[in-house]
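Trainee: My structure file run.cif, mmCIF, C-alpha atoms, pLDDT in the B column; chains and numbers go by the auth columns, is below:
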data_my_file
#
loop_
_atom_site.group_PDB
_atom_site.id
_atom_site.type_symbol
_atom_site.label_atom_id
_atom_site.label_comp_id
_atom_site.label_asym_id
_atom_site.label_seq_id
_atom_site.Cartn_x
_atom_site.Cartn_y
_atom_site.Cartn_z
_atom_site.B_iso_or_equiv
_atom_site.auth_seq_id
_atom_site.auth_asym_id
ATOM 1 C CA SER A 1 -6.614 6.445 -3.005 72.00 1 N
ATOM 2 C CA GLN A 2 -4.763 3.400 -1.738 71.00 2 N
ATOM 3 C CA LYS A 3 -6.957 0.450 -0.932 82.00 3 N
ATOM 4 C CA ILE A 4 -6.100 -2.860 0.669 88.00 4 N
ATOM 5 C CA GLU A 5 -8.597 -5.694 0.953 88.00 5 N
ATOM 6 C CA GLN A 6 -8.452 -9.018 2.706 90.00 6 N
ATOM 7 C CA ASN A 7 -10.856 -11.285 0.937 77.00 7 N
ATOM 8 C CA SER A 8 -12.926 -12.486 3.812 79.00 8 N
ATOM 9 C CA GLU A 9 -13.610 -11.285 7.291 85.00 9 N
ATOM 10 C CA ALA A 10 -13.753 -14.843 8.590 92.00 10 N
ATOM 11 C CA LEU A 11 -12.405 -18.197 7.487 94.00 11 N
ATOM 12 C CA ASN A 12 -13.306 -21.512 9.128 96.00 12 N
ATOM 13 C CA ILE A 13 -11.283 -24.609 8.412 96.00 13 N
ATOM 14 C CA GLN A 14 -10.699 -28.059 9.842 97.00 14 N
ATOM 15 C CA GLU A 15 -7.554 -28.911 11.768 97.00 15 N
ATOM 16 C CA GLY A 16 -4.842 -30.331 9.540 97.00 16 N
ATOM 17 C CA LYS A 17 -5.992 -28.477 6.415 97.00 17 N
ATOM 18 C CA THR A 18 -4.179 -25.613 4.744 97.00 18 N
ATOM 19 C CA ALA A 19 -5.557 -22.155 5.392 97.00 19 N
ATOM 20 C CA THR A 20 -5.168 -19.662 2.551 97.00 20 N
ATOM 21 C CA LEU A 21 -5.752 -15.965 3.183 97.00 21 N
ATOM 22 C CA THR A 22 -5.800 -13.373 0.434 96.00 22 N
ATOM 23 C CA CYS A 23 -4.695 -9.749 0.418 96.00 23 N
ATOM 24 C CA ASN A 24 -5.413 -7.530 -2.599 95.00 24 N
ATOM 25 C CA TYR A 25 -4.445 -3.917 -3.070 94.00 25 N
ATOM 26 C CA THR A 26 -5.056 -1.124 -5.570 89.00 26 N
ATOM 27 C CA ASN A 27 -3.593 2.275 -6.413 85.00 27 N
ATOM 28 C CA TYR A 28 -0.297 1.430 -4.787 84.00 28 N
ATOM 29 C CA SER A 29 3.097 -0.113 -5.486 83.00 29 N
ATOM 30 C CA PRO A 30 4.493 -1.231 -2.147 86.00 30 N
ATOM 31 C CA ALA A 31 8.176 -2.019 -1.803 83.00 31 N
ATOM 32 C CA TYR A 32 7.284 -4.760 0.648 89.00 32 N
ATOM 33 C CA LEU A 33 4.378 -6.457 2.352 92.00 33 N
ATOM 34 C CA GLN A 34 4.090 -7.862 5.852 95.00 34 N
ATOM 35 C CA TRP A 35 1.747 -10.265 7.608 97.00 35 N
ATOM 36 C CA TYR A 36 0.855 -10.002 11.277 97.00 36 N
ATOM 37 C CA ARG A 37 -1.148 -12.108 13.690 98.00 37 N
ATOM 38 C CA GLN A 38 -3.439 -10.480 16.242 97.00 38 N
ATOM 39 C CA ASP A 39 -5.049 -12.293 19.150 96.00 39 N
ATOM 40 C CA PRO A 40 -8.030 -10.776 21.034 94.00 40 N
ATOM 41 C CA GLY A 41 -6.962 -8.026 23.418 93.00 41 N
ATOM 42 C CA ARG A 42 -3.364 -8.022 22.178 95.00 42 N
ATOM 43 C CA GLY A 43 -1.199 -6.091 19.776 96.00 43 N
ATOM 44 C CA PRO A 44 -0.289 -7.466 16.334 97.00 44 N
ATOM 45 C CA VAL A 45 2.709 -9.789 16.155 97.00 45 N
ATOM 46 C CA PHE A 46 4.968 -9.830 13.103 95.00 46 N
ATOM 47 C CA LEU A 47 5.046 -13.066 11.105 97.00 47 N
ATOM 48 C CA LEU A 48 6.622 -12.574 7.684 96.00 48 N
ATOM 49 C CA LEU A 49 7.924 -9.889 5.355 94.00 49 N
ATOM 50 C CA ILE A 50 8.194 -10.227 1.578 94.00 50 N
ATOM 51 C CA ARG A 51 9.760 -7.663 -0.740 90.00 51 N
ATOM 52 C CA GLU A 52 8.548 -6.647 -4.187 88.00 52 N
ATOM 53 C CA ASN A 53 11.340 -8.572 -5.913 90.00 53 N
ATOM 54 C CA GLU A 54 10.542 -11.796 -4.041 93.00 54 N
ATOM 55 C CA LYS A 55 7.907 -14.260 -5.183 91.00 55 N
ATOM 56 C CA GLU A 56 7.683 -16.464 -2.119 96.00 56 N
ATOM 57 C CA LYS A 57 8.830 -16.619 1.501 96.00 57 N
ATOM 58 C CA ARG A 58 8.566 -19.492 3.967 97.00 58 N
ATOM 59 C CA LYS A 59 8.856 -19.834 7.706 95.00 59 N
ATOM 60 C CA GLU A 60 8.045 -23.176 9.296 96.00 60 N
ATOM 61 C CA ARG A 61 4.365 -23.877 8.419 97.00 61 N
ATOM 62 C CA LEU A 62 3.848 -20.408 6.956 98.00 62 N
ATOM 63 C CA LYS A 63 4.226 -19.390 3.324 98.00 63 N
ATOM 64 C CA VAL A 64 3.659 -16.018 1.709 98.00 64 N
ATOM 65 C CA THR A 65 3.541 -15.197 -1.985 97.00 65 N
ATOM 66 C CA PHE A 66 3.636 -11.753 -3.569 95.00 66 N
ATOM 67 C CA ASP A 67 2.426 -11.083 -7.101 94.00 67 N
ATOM 68 C CA THR A 68 2.993 -7.420 -7.989 91.00 68 N
ATOM 69 C CA THR A 69 1.277 -7.887 -11.357 92.00 69 N
ATOM 70 C CA LEU A 70 -1.926 -9.166 -9.784 93.00 70 N
ATOM 71 C CA LYS A 71 -1.375 -6.821 -6.807 93.00 71 N
ATOM 72 C CA GLN A 72 -2.009 -9.731 -4.496 95.00 72 N
ATOM 73 C CA SER A 73 -0.414 -11.630 -1.640 96.00 73 N
ATOM 74 C CA LEU A 74 -1.440 -15.071 -0.457 97.00 74 N
ATOM 75 C CA PHE A 75 -0.736 -16.291 3.066 97.00 75 N
ATOM 76 C CA HIS A 76 -0.782 -20.023 3.706 98.00 76 N
ATOM 77 C CA ILE A 77 -0.732 -21.974 6.961 98.00 77 N
ATOM 78 C CA THR A 78 -0.158 -25.661 6.349 98.00 78 N
ATOM 79 C CA ALA A 79 -1.216 -28.411 8.760 98.00 79 N
ATOM 80 C CA SER A 80 -3.312 -25.867 10.630 97.00 80 N
ATOM 81 C CA GLN A 81 -3.899 -26.255 14.353 97.00 81 N
ATOM 82 C CA PRO A 82 -6.536 -24.781 16.692 97.00 82 N
ATOM 83 C CA ALA A 83 -3.716 -22.634 18.149 98.00 83 N
ATOM 84 C CA ASP A 84 -3.482 -20.908 14.762 98.00 84 N
ATOM 85 C CA SER A 85 -6.933 -19.375 15.341 98.00 85 N
ATOM 86 C CA ALA A 86 -6.482 -15.603 15.334 97.00 86 N
ATOM 87 C CA THR A 87 -6.945 -12.561 13.109 96.00 87 N
ATOM 88 C CA TYR A 88 -4.318 -12.206 10.405 97.00 88 N
ATOM 89 C CA LEU A 89 -3.467 -8.759 9.093 96.00 89 N
ATOM 90 C CA CYS A 90 -1.856 -7.886 5.801 96.00 90 N
ATOM 91 C CA ALA A 91 0.160 -4.642 5.733 94.00 91 N
ATOM 92 C CA LEU A 92 1.706 -2.741 2.839 92.00 92 N
ATOM 93 C CA GLY A 93 4.956 -0.853 3.275 84.00 93 N
ATOM 94 C CA GLY A 94 4.343 2.862 3.003 71.00 94 N
ATOM 95 C CA SER A 95 6.718 5.372 1.426 66.00 95 N
ATOM 96 C CA GLN A 96 7.786 6.729 4.815 68.00 96 N
ATOM 97 C CA GLY A 97 8.214 3.382 6.518 70.00 97 N
ATOM 98 C CA ASN A 98 4.701 3.313 7.895 76.00 98 N
ATOM 99 C CA LEU A 99 2.406 0.351 7.382 86.00 99 N
ATOM 100 C CA ILE A 100 -1.008 0.421 5.725 89.00 100 N
ATOM 101 C CA PHE A 101 -3.076 -2.370 7.237 92.00 101 N
ATOM 102 C CA GLY A 102 -5.957 -4.379 5.854 93.00 102 N
ATOM 103 C CA LYS A 103 -8.930 -5.085 8.090 92.00 103 N
ATOM 104 C CA GLY A 104 -7.806 -8.628 8.716 95.00 104 N
ATOM 105 C CA THR A 105 -9.202 -12.115 8.319 95.00 105 N
ATOM 106 C CA LYS A 106 -10.350 -13.986 11.412 96.00 106 N
ATOM 107 C CA LEU A 107 -9.237 -17.578 11.103 97.00 107 N
ATOM 108 C CA SER A 108 -10.903 -20.326 13.126 97.00 108 N
ATOM 109 C CA VAL A 109 -9.380 -23.789 13.065 97.00 109 N
ATOM 110 C CA LYS A 110 -11.739 -26.452 14.366 96.00 110 N
ATOM 111 C CA PRO A 111 -10.423 -29.662 15.934 93.00 111 N
ATOM 112 C CA ASP B 1 11.182 -8.333 29.759 64.00 112 R
ATOM 113 C CA THR B 2 8.423 -6.456 27.990 71.00 113 R
ATOM 114 C CA ALA B 3 9.645 -5.099 24.642 93.00 114 R
ATOM 115 C CA VAL B 4 7.010 -2.406 24.083 97.00 115 R
ATOM 116 C CA SER B 5 4.900 -1.352 27.030 97.00 116 R
ATOM 117 C CA GLN B 6 1.988 1.045 27.302 97.00 117 R
ATOM 118 C CA THR B 7 0.214 2.579 30.243 97.00 118 R
ATOM 119 C CA PRO B 8 -2.563 2.535 31.104 97.00 119 R
ATOM 120 C CA LYS B 9 -4.123 -0.569 29.576 96.00 120 R
ATOM 121 C CA TYR B 10 -7.627 0.774 30.090 97.00 121 R
ATOM 122 C CA LEU B 11 -8.721 4.399 30.216 97.00 122 R
ATOM 123 C CA VAL B 12 -12.301 5.503 30.820 98.00 123 R
ATOM 124 C CA THR B 13 -12.965 9.218 30.825 97.00 124 R
ATOM 125 C CA GLN B 14 -15.614 11.802 30.051 97.00 125 R
ATOM 126 C CA MET B 15 -15.952 13.996 27.014 97.00 126 R
ATOM 127 C CA GLY B 16 -13.930 17.177 27.191 97.00 127 R
ATOM 128 C CA ASN B 17 -11.205 15.769 29.416 98.00 128 R
ATOM 129 C CA ASP B 18 -7.487 15.682 28.570 98.00 129 R
ATOM 130 C CA LYS B 19 -5.603 12.405 28.883 98.00 130 R
ATOM 131 C CA SER B 20 -2.204 10.911 28.104 98.00 131 R
ATOM 132 C CA ILE B 21 -1.016 7.457 27.118 98.00 132 R
ATOM 133 C CA LYS B 22 2.597 6.509 27.689 98.00 133 R
ATOM 134 C CA CYS B 23 4.741 4.170 25.625 97.00 134 R
ATOM 135 C CA GLU B 24 8.208 2.815 26.225 97.00 135 R
ATOM 136 C CA GLN B 25 10.351 0.391 24.234 97.00 136 R
ATOM 137 C CA ASN B 26 13.497 -1.358 25.457 96.00 137 R
ATOM 138 C CA LEU B 27 14.528 -2.753 22.075 94.00 138 R
ATOM 139 C CA GLY B 28 16.902 0.052 21.159 92.00 139 R
ATOM 140 C CA HIS B 29 14.793 0.940 18.122 92.00 140 R
ATOM 141 C CA ASP B 30 15.051 4.317 16.425 89.00 141 R
ATOM 142 C CA THR B 31 11.466 4.592 15.214 90.00 142 R
ATOM 143 C CA MET B 32 8.219 4.597 17.166 92.00 143 R
ATOM 144 C CA TYR B 33 4.611 4.800 16.027 92.00 144 R
ATOM 145 C CA TRP B 34 1.086 5.371 17.263 94.00 145 R
ATOM 146 C CA TYR B 35 -1.792 3.493 15.652 95.00 146 R
ATOM 147 C CA LYS B 36 -5.529 3.667 16.263 95.00 147 R
ATOM 148 C CA GLN B 37 -7.725 0.568 15.979 95.00 148 R
ATOM 149 C CA ASP B 38 -11.398 1.440 15.807 91.00 149 R
ATOM 150 C CA SER B 39 -14.452 -0.650 16.613 84.00 150 R
ATOM 151 C CA LYS B 40 -14.301 -2.253 13.169 81.00 151 R
ATOM 152 C CA LYS B 41 -10.776 -3.463 13.981 81.00 152 R
ATOM 153 C CA PHE B 42 -9.242 -1.228 11.315 86.00 153 R
ATOM 154 C CA LEU B 43 -5.669 -0.375 12.337 92.00 154 R
ATOM 155 C CA LYS B 44 -4.486 3.010 11.084 91.00 155 R
ATOM 156 C CA ILE B 45 -1.219 4.921 11.510 90.00 156 R
ATOM 157 C CA MET B 46 -1.423 8.211 13.362 92.00 157 R
ATOM 158 C CA PHE B 47 2.156 9.309 13.963 89.00 158 R
ATOM 159 C CA SER B 48 5.700 8.123 13.457 88.00 159 R
ATOM 160 C CA TYR B 49 8.845 9.408 15.160 87.00 160 R
ATOM 161 C CA ASN B 50 12.420 8.650 14.177 85.00 161 R
ATOM 162 C CA ASN B 51 15.086 9.585 16.718 80.00 162 R
ATOM 163 C CA LYS B 52 12.666 11.979 18.410 78.00 163 R
ATOM 164 C CA GLU B 53 11.789 13.677 15.117 81.00 164 R
ATOM 165 C CA LEU B 54 8.231 13.603 13.766 82.00 165 R
ATOM 166 C CA ILE B 55 8.189 11.747 10.440 78.00 166 R
ATOM 167 C CA ILE B 56 4.542 10.955 9.800 72.00 167 R
ATOM 168 C CA ASN B 57 1.549 12.947 10.875 74.00 168 R
ATOM 169 C CA GLU B 58 -1.517 11.504 9.229 76.00 169 R
ATOM 170 C CA THR B 59 -4.797 13.332 9.099 78.00 170 R
ATOM 171 C CA VAL B 60 -5.334 13.401 12.818 88.00 171 R
ATOM 172 C CA PRO B 61 -7.124 16.188 14.710 90.00 172 R
ATOM 173 C CA ASN B 62 -4.662 18.560 16.329 91.00 173 R
ATOM 174 C CA ARG B 63 -6.186 17.598 19.669 95.00 174 R
ATOM 175 C CA PHE B 64 -3.763 14.679 19.441 94.00 175 R
ATOM 176 C CA SER B 65 -0.184 15.624 20.208 92.00 176 R
ATOM 177 C CA PRO B 66 2.643 13.100 20.381 92.00 177 R
ATOM 178 C CA LYS B 67 5.715 13.819 22.454 92.00 178 R
ATOM 179 C CA SER B 68 9.014 11.983 22.366 91.00 179 R
ATOM 180 C CA PRO B 69 11.297 12.903 25.296 91.00 180 R
ATOM 181 C CA ASP B 70 13.885 10.379 24.086 91.00 181 R
ATOM 182 C CA LYS B 71 14.006 7.690 21.458 88.00 182 R
ATOM 183 C CA ALA B 72 12.779 5.023 23.890 94.00 183 R
ATOM 184 C CA HIS B 73 9.569 6.876 24.728 95.00 184 R
ATOM 185 C CA LEU B 74 6.654 8.182 22.688 95.00 185 R
ATOM 186 C CA ASN B 75 3.685 9.533 24.583 96.00 186 R
ATOM 187 C CA LEU B 76 0.311 10.519 23.195 96.00 187 R
ATOM 188 C CA HIS B 77 -1.610 13.408 24.683 97.00 188 R
ATOM 189 C CA ILE B 78 -5.237 13.958 23.746 96.00 189 R
ATOM 190 C CA ASN B 79 -7.072 17.193 24.494 97.00 190 R
ATOM 191 C CA SER B 80 -10.820 17.752 24.688 97.00 191 R
ATOM 192 C CA LEU B 81 -11.717 14.114 24.255 97.00 192 R
ATOM 193 C CA GLU B 82 -14.697 13.251 22.041 97.00 193 R
ATOM 194 C CA LEU B 83 -16.895 10.156 21.808 96.00 194 R
ATOM 195 C CA GLY B 84 -15.314 9.280 18.461 94.00 195 R
ATOM 196 C CA ASP B 85 -11.900 9.004 20.095 96.00 196 R
ATOM 197 C CA SER B 86 -12.986 5.754 21.735 96.00 197 R
ATOM 198 C CA ALA B 87 -10.733 3.047 20.302 96.00 198 R
ATOM 199 C CA VAL B 88 -7.711 0.940 21.095 97.00 199 R
ATOM 200 C CA TYR B 89 -4.434 2.813 20.681 98.00 200 R
ATOM 201 C CA PHE B 90 -1.292 0.849 19.908 97.00 201 R
ATOM 202 C CA CYS B 91 2.262 1.969 20.211 97.00 202 R
ATOM 203 C CA ALA B 92 4.878 0.222 18.068 95.00 203 R
ATOM 204 C CA SER B 93 8.581 0.442 17.367 94.00 204 R
ATOM 205 C CA SER B 94 10.975 -0.719 14.688 91.00 205 R
ATOM 206 C CA GLN B 95 14.573 -0.468 13.625 86.00 206 R
ATOM 207 C CA ALA B 96 15.551 2.112 11.062 71.00 207 R
ATOM 208 C CA ARG B 97 13.063 2.601 8.288 62.00 208 R
ATOM 209 C CA PRO B 98 11.979 1.221 5.951 55.00 209 R
ATOM 210 C CA SER B 99 10.702 -2.304 5.860 63.00 210 R
ATOM 211 C CA TYR B 100 11.696 -3.605 9.258 79.00 211 R
ATOM 212 C CA GLU B 101 9.069 -5.459 11.209 89.00 212 R
ATOM 213 C CA GLN B 102 7.226 -3.510 13.853 92.00 213 R
ATOM 214 C CA TYR B 103 6.834 -4.564 17.451 94.00 214 R
ATOM 215 C CA PHE B 104 3.527 -3.594 18.981 96.00 215 R
ATOM 216 C CA GLY B 105 2.585 -2.833 22.539 97.00 216 R
ATOM 217 C CA PRO B 106 -0.438 -4.445 24.230 96.00 217 R
ATOM 218 C CA GLY B 107 -2.714 -1.519 23.430 97.00 218 R
ATOM 219 C CA THR B 108 -4.652 1.022 25.478 98.00 219 R
ATOM 220 C CA ARG B 109 -8.424 0.778 25.305 97.00 220 R
ATOM 221 C CA LEU B 110 -9.794 4.309 25.561 97.00 221 R
ATOM 222 C CA THR B 111 -13.488 4.725 26.293 97.00 222 R
ATOM 223 C CA VAL B 112 -14.972 8.221 26.203 97.00 223 R
ATOM 224 C CA THR B 113 -18.384 8.583 27.818 97.00 224 R
#
Reformat the file's structure so that it appears as structure tokens.
Mentor:
Amino acid sequence: SQKIEQNSEALNIQEGKTATLTCNYTNYSPAYLQWYRQDPGRGPVFLLLIRENEKEKRKERLKVTFDTTLKQSLFHITASQPADSATYLCALGGSQGNLIFGKGTKLSVKP
Amino acid sequence: DTAVSQTPKYLVTQMGNDKSIKCEQNLGHDTMYWYKQDSKKFLKIMFSYNNKELIINETVPNRFSPKSPDKAHLNLHINSLELGDSAVYFCASSQARPSYEQYFGPGTRLTVT
């Protein structure tokens, strides 16, 4: 069955450093992959989408890579700030347009 | 203006009761979804509707019945509530499938006692 894993449940980094979050998947070939941010008590908020034929996507301080051979996506936040502290969810595009979510990585950026 | 709204935000009820959660989106999207986020924060698709037509119906007990009166609304009715139904339920919407980003509502925290 399809499986999606985000490498760590929690990641603690110092302000100003680059945060790197990993998303691995098995038994699936998604046409695209999305990253969302979720704050406590709120719904997920879309950040970036990357398609299977794209290697890298950037948006301001965010960068996503997609390696369909390794079945892995990396999500980077450069020059991290305490306001970036949240849970980040990786989601694979399903065949019917639905999303298959990972469990998320809780990022804490310390000042 | 709120893009995707849900009511109520909190719902506490006893086992065996029937309850409904309402969802509305003002984004003009064609597709709406219901997700369940359990205590382990795992977010899982339950249903998807496109232009009022059911597209996805994951392995969900038939006590859960979605209803879409129009493409801006997707309500979730739950019969005979069980303890295991306690979770946060999120409504979401997107433009035409596939691959468009989804916009999520604030969630409804359902607690069954």
Trainee: Find the residues of chain R that sit at most 12 Å from chain N; for each, write down the nearest two atoms and how far apart they are in Å, to one decimal. Count all atoms listed in the file. Sort by chain, then by number going up, and give it as JSON lines.
Mentor:
{"residue": "R:Ala114", "atom": "CA", "partner": "N:Val45", "partner_atom": "CA", "distance": 11.9}
{"residue": "R:Val115", "atom": "CA", "partner": "N:Gly43", "partner_atom": "CA", "distance": 10.0}
{"residue": "R:Ser116", "atom": "CA", "partner": "N:Gly43", "partner_atom": "CA", "distance": 10.6}
{"residue": "R:Gln117", "atom": "CA", "partner": "N:Gly43", "partner_atom": "CA", "distance": 10.8}
{"residue": "R:Lys120", "atom": "CA", "partner": "N:Gly41", "partner_atom": "CA", "distance": 10.1}
{"residue": "R:Tyr121", "atom": "CA", "partner": "N:Gly41", "partner_atom": "CA", "distance": 11.1}
{"residue": "R:Thr142", "atom": "CA", "partner": "N:Gly97", "partner_atom": "CA", "distance": 9.4}
{"residue": "R:Met143", "atom": "CA", "partner": "N:Asn98", "partner_atom": "CA", "distance": 10.0}
{"residue": "R:Tyr144", "atom": "CA", "partner": "N:Asn98", "partner_atom": "CA", "distance": 8.3}
{"residue": "R:Trp145", "atom": "CA", "partner": "N:Asn98", "partner_atom": "CA", "distance": 10.3}
{"residue": "R:Tyr146", "atom": "CA", "partner": "N:Leu99", "partner_atom": "CA", "distance": 9.8}
{"residue": "R:Lys147", "atom": "CA", "partner": "N:Phe101", "partner_atom": "CA", "distance": 11.1}
{"residue": "R:Gln148", "atom": "CA", "partner": "N:Lys103", "partner_atom": "CA", "distance": 9.8}
{"residue": "R:Asp149", "atom": "CA", "partner": "N:Lys103", "partner_atom": "CA", "distance": 10.4}
{"residue": "R:Ser150", "atom": "CA", "partner": "N:Lys103", "partner_atom": "CA", "distance": 11.1}
{"residue": "R:Lys151", "atom": "CA", "partner": "N:Lys103", "partner_atom": "CA", "distance": 7.9}
{"residue": "R:Lys152", "atom": "CA", "partner": "N:Lys103", "partner_atom": "CA", "distance": 6.4}
{"residue": "R:Phe153", "atom": "CA", "partner": "N:Lys103", "partner_atom": "CA", "distance": 5.0}
{"residue": "R:Leu154", "atom": "CA", "partner": "N:Phe101", "partner_atom": "CA", "distance": 6.1}
{"residue": "R:Lys155", "atom": "CA", "partner": "N:Phe101", "partner_atom": "CA", "distance": 6.8}
{"residue": "R:Ile156", "atom": "CA", "partner": "N:Asn98", "partner_atom": "CA", "distance": 7.1}
{"residue": "R:Met157", "atom": "CA", "partner": "N:Asn98", "partner_atom": "CA", "distance": 9.6}
{"residue": "R:Phe158", "atom": "CA", "partner": "N:Asn98", "partner_atom": "CA", "distance": 8.9}
{"residue": "R:Ser159", "atom": "CA", "partner": "N:Asn98", "partner_atom": "CA", "distance": 7.4}
{"residue": "R:Tyr160", "atom": "CA", "partner": "N:Asn98", "partner_atom": "CA", "distance": 10.3}
{"residue": "R:Asn161", "atom": "CA", "partner": "N:Gly97", "partner_atom": "CA", "distance": 10.2}
{"residue": "R:Leu165", "atom": "CA", "partner": "N:Gln96", "partner_atom": "CA", "distance": 11.3}
{"residue": "R:Ile166", "atom": "CA", "partner": "N:Gln96", "partner_atom": "CA", "distance": 7.5}
{"residue": "R:Ile167", "atom": "CA", "partner": "N:Gln96", "partner_atom": "CA", "distance": 7.3}
{"residue": "R:Asn168", "atom": "CA", "partner": "N:Asn98", "partner_atom": "CA", "distance": 10.6}
{"residue": "R:Glu169", "atom": "CA", "partner": "N:Asn98", "partner_atom": "CA", "distance": 10.4}
{"residue": "R:Val199", "atom": "CA", "partner": "N:Gly41", "partner_atom": "CA", "distance": 9.3}
{"residue": "R:Tyr200", "atom": "CA", "partner": "N:Gly43", "partner_atom": "CA", "distance": 9.5}
{"residue": "R:Phe201", "atom": "CA", "partner": "N:Gly43", "partner_atom": "CA", "distance": 6.9}
{"residue": "R:Cys202", "atom": "CA", "partner": "N:Gly43", "partner_atom": "CA", "distance": 8.8}
{"residue": "R:Ala203", "atom": "CA", "partner": "N:Gly43", "partner_atom": "CA", "distance": 8.9}
{"residue": "R:Ser204", "atom": "CA", "partner": "N:Asn98", "partner_atom": "CA", "distance": 10.6}
{"residue": "R:Ser205", "atom": "CA", "partner": "N:Gly97", "partner_atom": "CA", "distance": 9.5}
{"residue": "R:Gln206", "atom": "CA", "partner": "N:Gly97", "partner_atom": "CA", "distance": 10.3}
{"residue": "R:Ala207", "atom": "CA", "partner": "N:Gly97", "partner_atom": "CA", "distance": 8.7}
{"residue": "R:Arg208", "atom": "CA", "partner": "N:Gly97", "partner_atom": "CA", "distance": 5.2}
{"residue": "R:Pro209", "atom": "CA", "partner": "N:Gly97", "partner_atom": "CA", "distance": 4.4}
{"residue": "R:Ser210", "atom": "CA", "partner": "N:Gly97", "partner_atom": "CA", "distance": 6.2}
{"residue": "R:Tyr211", "atom": "CA", "partner": "N:Gly97", "partner_atom": "CA", "distance": 8.3}
{"residue": "R:Glu212", "atom": "CA", "partner": "N:Phe46", "partner_atom": "CA", "distance": 6.3}
{"residue": "R:Gln213", "atom": "CA", "partner": "N:Phe46", "partner_atom": "CA", "distance": 6.8}
{"residue": "R:Tyr214", "atom": "CA", "partner": "N:Val45", "partner_atom": "CA", "distance": 6.8}
{"residue": "R:Phe215", "atom": "CA", "partner": "N:Gly43", "partner_atom": "CA", "distance": 5.4}
{"residue": "R:Gly216", "atom": "CA", "partner": "N:Gly43", "partner_atom": "CA", "distance": 5.7}
{"residue": "R:Pro217", "atom": "CA", "partner": "N:Gly43", "partner_atom": "CA", "distance": 4.8}
{"residue": "R:Gly218", "atom": "CA", "partner": "N:Gly43", "partner_atom": "CA", "distance": 6.0}
{"residue": "R:Thr219", "atom": "CA", "partner": "N:Gly41", "partner_atom": "CA", "distance": 9.6}
{"residue": "R:Arg220", "atom": "CA", "partner": "N:Gly41", "partner_atom": "CA", "distance": 9.1}
Trainee: What lies within 12 Å of stretch 12-21 of chain N using all atoms listed in the file, ignoring chain neighbours under 4 positions off, as a PDB file with C-alpha atoms, in the frame of the given file?
Mentor:
ATOM      1  CA  GLU N   5      -8.597  -5.694   0.953  1.00 88.00           C
ATOM      2  CA  GLN N   6      -8.452  -9.018   2.706  1.00 90.00           C
ATOM      3  CA  ASN N   7     -10.856 -11.285   0.937  1.00 77.00           C
ATOM      4  CA  SER N   8     -12.926 -12.486   3.812  1.00 79.00           C
ATOM      5  CA  TRP N  35       1.747 -10.265   7.608  1.00 97.00           C
ATOM      6  CA  ARG N  61       4.365 -23.877   8.419  1.00 97.00           C
ATOM      7  CA  LEU N  62       3.848 -20.408   6.956  1.00 98.00           C
ATOM      8  CA  LYS N  63       4.226 -19.390   3.324  1.00 98.00           C
ATOM      9  CA  VAL N  64       3.659 -16.018   1.709  1.00 98.00           C
ATOM     10  CA  THR N  65       3.541 -15.197  -1.985  1.00 97.00           C
ATOM     11  CA  GLN N  72      -2.009  -9.731  -4.496  1.00 95.00           C
ATOM     12  CA  SER N  73      -0.414 -11.630  -1.640  1.00 96.00           C
ATOM     13  CA  LEU N  74      -1.440 -15.071  -0.457  1.00 97.00           C
ATOM     14  CA  PHE N  75      -0.736 -16.291   3.066  1.00 97.00           C
ATOM     15  CA  HIS N  76      -0.782 -20.023   3.706  1.00 98.00           C
ATOM     16  CA  ILE N  77      -0.732 -21.974   6.961  1.00 98.00           C
ATOM     17  CA  THR N  78      -0.158 -25.661   6.349  1.00 98.00           C
ATOM     18  CA  ALA N  79      -1.216 -28.411   8.760  1.00 98.00           C
ATOM     19  CA  SER N  80      -3.312 -25.867  10.630  1.00 97.00           C
ATOM     20  CA  GLN N  81      -3.899 -26.255  14.353  1.00 97.00           C
ATOM     21  CA  PRO N  82      -6.536 -24.781  16.692  1.00 97.00           C
ATOM     22  CA  ALA N  83      -3.716 -22.634  18.149  1.00 98.00           C
ATOM     23  CA  ASP N  84      -3.482 -20.908  14.762  1.00 98.00           C
ATOM     24  CA  SER N  85      -6.933 -19.375  15.341  1.00 98.00           C
ATOM     25  CA  ALA N  86      -6.482 -15.603  15.334  1.00 97.00           C
ATOM     26  CA  THR N  87      -6.945 -12.561  13.109  1.00 96.00           C
ATOM     27  CA  TYR N  88      -4.318 -12.206  10.405  1.00 97.00           C
ATOM     28  CA  LEU N  89      -3.467  -8.759   9.093  1.00 96.00           C
ATOM     29  CA  CYS N  90      -1.856  -7.886   5.801  1.00 96.00           C
ATOM     30  CA  GLY N 102      -5.957  -4.379   5.854  1.00 93.00           C
ATOM     31  CA  GLY N 104      -7.806  -8.628   8.716  1.00 95.00           C
ATOM     32  CA  THR N 105      -9.202 -12.115   8.319  1.00 95.00           C
ATOM     33  CA  LYS N 106     -10.350 -13.986  11.412  1.00 96.00           C
ATOM     34  CA  LEU N 107      -9.237 -17.578  11.103  1.00 97.00           C
ATOM     35  CA  SER N 108     -10.903 -20.326  13.126  1.00 97.00           C
ATOM     36  CA  VAL N 109      -9.380 -23.789  13.065  1.00 97.00           C
ATOM     37  CA  LYS N 110     -11.739 -26.452  14.366  1.00 96.00           C
ATOM     38  CA  PRO N 111     -10.423 -29.662  15.934  1.00 93.00           C
TER      39      PRO N 111
END
Trainee: Which distance in Å separates atom CA of R:Leu185 and atom CA of R:Asn137, to one decimal?
Mentor: 12.1 Å
Trainee: Could you work out how far atom CA of N:Glu9 lies from atom CA of N:Thr69, giving the answer in Å with one decimal?
Mentor: 24.1 Å
Trainee: Could you state the separation of atom CA of R:Val171 and atom CA of R:Thr113 in Å, given to one decimal place?
Mentor: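 Atom CA of R:Val171 sits 28.5 Å away from atom CA of R:Thr113.
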Trainee: Select all residues near (-6.1, 11.0, 25.2) (cut-off 12 Å, inclusive, file coordinates), counting all atoms listed in the file, and output them as a ChimeraX atom specification.
Mentor: /R:118-119,121-133,147,172-177,186-200,219-223
